[in-house]
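Chemist: One structure coming up, written as structure tokens, with questions to follow.
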Amino acid sequence: MKGKGFKNLLIDFGGVLIDLDRQRCIDNFKKLGCAQIDEQLNVYHQEGFFKLHEMGVISSAEFRDKIRETIGCPVNDKQIDEAWNSFLVGIPTYKLELLLRLRKEYAVYLLSNTNEIHWEWSVRNTFPFRSFGVEDYFDKVYLSFKMKRLKPNPDIFKAVLDDAGIAAEETFFIDDSEENCEAAQALGISTYTPKAREDWSHLFDSERAKNGGR
């Protein structure tokens, strides 16, 4: 990978780093009374007020109120957050180790369509490893709800390139959505689309060999 001239890695979160369980999330929301929740939840792109939450258009408090309106009966914030966060499974340890190793060779950035509730849960529960936290894995984190933009909008990629001061042709993007990858490719960014729960560390086998297989 290094020999191809890439200096920067842009990595997606859901489905690339963290494993997802959409059906578990749908089942848990249905237990709360959200019968049609599956129409708004997608592995790659959310719809309705879920999408607005990912864009940062509505706050977490407003999102929870939307859930309560949809259900039509009282549920508390904790119940909503637990159902919503059940979408997230966890980050395999080997991927955290890979990120730490890659930071020695590249500038590593996270670019995710996500929301405040999911991100705060992930920072607390999925990134802590040994003595490391989320700030140790990336040069910078770019999140849709803070940027007020969503992939595959080209503006979100342009904003990352400009803010990080990196060149598209020197950047490699890993995202599980083909649509997102196509949008990045149109800007000159090289991409790879892994399958669900794929171990994509094979992309960096030369770096692993150079480091003695570690």
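Every chain in the structure tokens has a letter given in the order shown (A, B, ...), and although residue numbers restart at 1 in each chain, ligands are simply numbered from 1 in the order shown.
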Excluding range 165-172 of chain A and residues on its chain fewer than 2 positions from it, collect all residues at most 7 Å away from it, counting only C-alpha atoms, and give them as a list in words.

Modeler: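 Close residues of range 165-172 of chain A: Gly5, Phe6, Lys7, Asn8, Leu9, Leu10, Leu161, Asp162, Asp163, Ile174, Leu187, Gly188, Ile189, Ser190 and Thr191 of chain A.
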
Chemist: With only C-alpha atoms as the counted atoms, please give the residues lying no more than 10 Å from range 12-19 of chain A, apart from itself and same-chain residues fewer than 3 positions off, as a PDB file with C-alpha atoms, in the first residue's frame.

Modeler:
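The result, stored in part35.pdb:
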ATOM      1  CA  LEU A   9      -5.945   6.685   5.303  1.00  0.00           C
ATOM      2  CA  ARG A  22     -29.337  -3.964  12.539  1.00  0.00           C
ATOM      3  CA  VAL A  43     -26.836  -0.302   7.473  1.00  0.00           C
ATOM      4  CA  TYR A  44     -25.448   2.427   5.184  1.00  0.00           C
ATOM      5  CA  PHE A  87     -27.171  -1.458  16.673  1.00  0.00           C
ATOM      6  CA  LEU A  88     -23.497  -1.431  17.701  1.00  0.00           C
ATOM      7  CA  VAL A  89     -21.685  -4.665  18.556  1.00  0.00           C
ATOM      8  CA  GLY A  90     -18.024  -3.815  19.098  1.00  0.00           C
ATOM      9  CA  ILE A  91     -14.641  -3.293  17.489  1.00  0.00           C
ATOM     10  CA  PRO A  92     -12.507  -6.454  17.208  1.00  0.00           C
ATOM     11  CA  THR A  93      -9.262  -6.076  19.123  1.00  0.00           C
ATOM     12  CA  LYS A  95      -8.586  -3.815  14.308  1.00  0.00           C
ATOM     13  CA  LEU A  96      -7.590  -1.564  17.190  1.00  0.00           C
ATOM     14  CA  LEU A  99      -4.966   1.171  13.699  1.00  0.00           C
ATOM     15  CA  TYR A 109      -8.468   9.801   9.824  1.00  0.00           C
ATOM     16  CA  LEU A 110     -11.934   8.576  10.745  1.00  0.00           C
ATOM     17  CA  LEU A 111     -14.896   9.724   8.618  1.00  0.00           C
ATOM     18  CA  SER A 112     -18.264   8.491   9.813  1.00  0.00           C
ATOM     19  CA  ASN A 113     -21.940   9.052   9.259  1.00  0.00           C
ATOM     20  CA  THR A 114     -22.952   8.755  12.895  1.00  0.00           C
ATOM     21  CA  TRP A 119     -20.520   8.104  19.184  1.00  0.00           C
ATOM     22  CA  SER A 122     -18.572   3.994  21.294  1.00  0.00           C
ATOM     23  CA  THR A 126     -15.437   0.213  22.140  1.00  0.00           C
ATOM     24  CA  PHE A 127     -12.230   2.231  21.802  1.00  0.00           C
ATOM     25  CA  TYR A 142     -14.633  13.653  11.320  1.00  0.00           C
ATOM     26  CA  LEU A 143     -18.253  12.975  12.300  1.00  0.00           C
ATOM     27  CA  PHE A 173     -10.595   5.498   1.720  1.00  0.00           C
ATOM     28  CA  ILE A 174     -12.114   2.362   3.282  1.00  0.00           C
ATOM     29  CA  ASP A 175     -15.919   2.318   3.485  1.00  0.00           C
ATOM     30  CA  ASP A 176     -18.483  -0.497   3.333  1.00  0.00           C
ATOM     31  CA  SER A 177     -20.860   1.536   1.131  1.00  0.00           C
ATOM     32  CA  ASN A 180     -19.804   6.410  -0.572  1.00  0.00           C
ATOM     33  CA  THR A 193     -15.197  -1.591  -0.030  1.00  0.00           C
ATOM     34  CA  PRO A 194     -14.957  -4.416   2.528  1.00  0.00           C
ATOM     35  CA  LYS A 195     -17.695  -6.955   3.167  1.00  0.00           C
ATOM     36  CA  ALA A 196     -19.515  -7.079   6.513  1.00  0.00           C
ATOM     37  CA  ARG A 197     -17.141  -8.142   9.320  1.00  0.00           C
ATOM     38  CA  GLU A 198     -14.271  -8.514   6.852  1.00  0.00           C
ATOM     39  CA  ASP A 199     -10.696  -8.555   8.115  1.00  0.00           C
ATOM     40  CA  TRP A 200      -9.309  -5.967   5.700  1.00  0.00           C
TER      41      TRP A 200
END

Chemist: Please identify which residues in range 6-189 of chain A DSSP calls alpha helix (DSSP H) from the backbone, and express them as a ChimeraX atom specification.

Modeler: /A:22-32,48-54,60-71,77-85,93-102,116-125,144-147,154-164,178-185

Chemist: Identify which of the residues A:Cys181, A:Ile67, A:Ala164, A:Val57 lies closest to Met147 in chain A, counting only C-alpha atoms when measuring atom-to-atom distances.

Modeler: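 Closest candidate: A:Val57.
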
Chemist: Enumerate the residues of range 1-213 of chain A with a DSSP assignment of strand (DSSP E or B), computed from the backbone, and present them as a PDB file with C-alpha atoms, in the first residue's frame.

Modeler:
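Everything below was put into part-v6.pdb:
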ATOM      1  CA  ASN A   8      -3.280   9.168   4.259  1.00  0.00           C
ATOM      2  CA  LEU A   9      -5.945   6.685   5.303  1.00  0.00           C
ATOM      3  CA  LEU A  10      -9.590   7.717   5.603  1.00  0.00           C
ATOM      4  CA  ILE A  11     -11.550   5.036   7.437  1.00  0.00           C
ATOM      5  CA  GLY A  14     -19.814   1.460  11.137  1.00  0.00           C
ATOM      6  CA  ILE A  18     -17.275  -1.570  14.473  1.00  0.00           C
ATOM      7  CA  ASP A  19     -19.523  -4.557  13.766  1.00  0.00           C
ATOM      8  CA  LEU A  20     -23.245  -3.822  13.448  1.00  0.00           C
ATOM      9  CA  LEU A  88     -23.497  -1.431  17.701  1.00  0.00           C
ATOM     10  CA  VAL A  89     -21.685  -4.665  18.556  1.00  0.00           C
ATOM     11  CA  GLY A  90     -18.024  -3.815  19.098  1.00  0.00           C
ATOM     12  CA  ALA A 107      -1.863   9.859   8.730  1.00  0.00           C
ATOM     13  CA  VAL A 108      -5.068   8.093   9.804  1.00  0.00           C
ATOM     14  CA  TYR A 109      -8.468   9.801   9.824  1.00  0.00           C
ATOM     15  CA  LEU A 110     -11.934   8.576  10.745  1.00  0.00           C
ATOM     16  CA  LEU A 111     -14.896   9.724   8.618  1.00  0.00           C
ATOM     17  CA  SER A 112     -18.264   8.491   9.813  1.00  0.00           C
ATOM     18  CA  PHE A 129      -7.942  -0.932  24.828  1.00  0.00           C
ATOM     19  CA  PHE A 132      -5.414   3.572  24.654  1.00  0.00           C
ATOM     20  CA  LYS A 140      -8.378  13.493  13.548  1.00  0.00           C
ATOM     21  CA  VAL A 141     -11.987  12.318  13.724  1.00  0.00           C
ATOM     22  CA  TYR A 142     -14.633  13.653  11.320  1.00  0.00           C
ATOM     23  CA  LEU A 143     -18.253  12.975  12.300  1.00  0.00           C
ATOM     24  CA  THR A 171      -5.510   9.314   0.220  1.00  0.00           C
ATOM     25  CA  PHE A 172      -6.980   5.812   0.515  1.00  0.00           C
ATOM     26  CA  PHE A 173     -10.595   5.498   1.720  1.00  0.00           C
ATOM     27  CA  ILE A 174     -12.114   2.362   3.282  1.00  0.00           C
ATOM     28  CA  SER A 190      -8.718   5.632  -4.089  1.00  0.00           C
ATOM     29  CA  THR A 191     -11.088   3.313  -2.244  1.00  0.00           C
ATOM     30  CA  TYR A 192     -11.773  -0.174  -0.971  1.00  0.00           C
TER      31      TYR A 192
END

Chemist: Within 10 Å of Arg149 in chain A, counting only C-alpha atoms, which residues show up once you throw out same-chain ones fewer than 3 positions away? Write them as number ranges by chain, please.

Modeler: A: 54-57, 113, 143-146, 152-157, 159

Chemist: Take the residues just selected and output them with C-alpha atoms as a PDB file, in the first residue's frame.

Modeler:
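And here's out-v3.pdb as it stands now:
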ATOM      1  CA  GLU A  54     -26.881  11.924  11.942  1.00  0.00           C
ATOM      2  CA  MET A  55     -26.724  15.303  10.195  1.00  0.00           C
ATOM      3  CA  GLY A  56     -26.827  17.144  13.495  1.00  0.00           C
ATOM      4  CA  VAL A  57     -30.030  18.902  12.411  1.00  0.00           C
ATOM      5  CA  ASN A 113     -21.940   9.052   9.259  1.00  0.00           C
ATOM      6  CA  LEU A 143     -18.253  12.975  12.300  1.00  0.00           C
ATOM      7  CA  SER A 144     -21.339  13.770  10.244  1.00  0.00           C
ATOM      8  CA  PHE A 145     -23.400  15.126  13.142  1.00  0.00           C
ATOM      9  CA  LYS A 146     -20.676  17.666  13.900  1.00  0.00           C
ATOM     10  CA  PRO A 152     -21.979  10.369  -0.021  1.00  0.00           C
ATOM     11  CA  ASN A 153     -22.277  14.165  -0.409  1.00  0.00           C
ATOM     12  CA  PRO A 154     -19.004  15.228  -2.089  1.00  0.00           C
ATOM     13  CA  ASP A 155     -18.860  18.257   0.222  1.00  0.00           C
ATOM     14  CA  ILE A 156     -18.017  16.087   3.225  1.00  0.00           C
ATOM     15  CA  PHE A 157     -14.975  14.638   1.459  1.00  0.00           C
ATOM     16  CA  ALA A 159     -14.207  19.414   3.800  1.00  0.00           C
TER      17      ALA A 159
END

Chemist: Of the candidates A:Ile37, A:Leu32, A:Leu100, A:Ile58, which one gets nearest to Asp81 in chain A if we count only C-alpha atoms?

Modeler: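 Counting only C-alpha atoms, the residue closest to Asp81 in chain A is A:Leu32.
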
Chemist: Write out as a list in words which residues come within 10 Å of Gly33 in chain A when counting only C-alpha atoms, dropping same-chain ones fewer than 6 positions away.

Modeler: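 The contact residues come out as Asp27, Ile67, Arg68, Thr70, Ile71, Gly72, Cys73 and Val75 of chain A.
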
Chemist: Would you put the residues from that selection into a file with C-alpha atoms, as a compact mmCIF listing (two decimals), in the first residue's frame?

Modeler:
# COMPACT_ATOMS: atom_id res chain seq x y z
CA ASP A 27 -36.15 -5.92 17.53
CA ILE A 67 -39.01 8.27 19.28
CA ARG A 68 -41.53 8.92 22.07
CA THR A 70 -43.61 7.55 17.28
CA ILE A 71 -44.24 5.08 20.10
CA GLY A 72 -47.08 7.06 21.61
CA CYS A 73 -46.36 5.90 25.14
CA VAL A 75 -40.31 5.51 27.53

Chemist: Using only C-alpha atoms for the distances, tell me which of A:Leu150, A:Cys34, A:Cys25, A:Ala183 is nearest to Asn115 in chain A.

Modeler: A:Leu150

Chemist: Work out how far apart CA of Gly48 in chain A and CA of Ala184 in chain A are and give it in Å to one decimal.

Modeler: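 Between CA of Gly48 in chain A and CA of Ala184 in chain A the gap is 24.5 Å.
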
Chemist: Compare A:Glu120, A:Asp139, A:Asn85, A:Pro128 by their minimum atom-to-atom distance to Arg103 in chain A, counting only C-alpha atoms, and give me the closest one.

Modeler: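 Checking each of A:Glu120, A:Asp139, A:Asn85, A:Pro128 against Arg103 in chain A, counting only C-alpha atoms, the winner is A:Asp139.
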
Chemist: If you measure from CA of Lys66 in chain A to CA of Phe49 in chain A, what distance in Å do you get, rounded to one decimal?

Modeler: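 We find that CA of Lys66 in chain A and CA of Phe49 in chain A lie 7.3 Å from each other.
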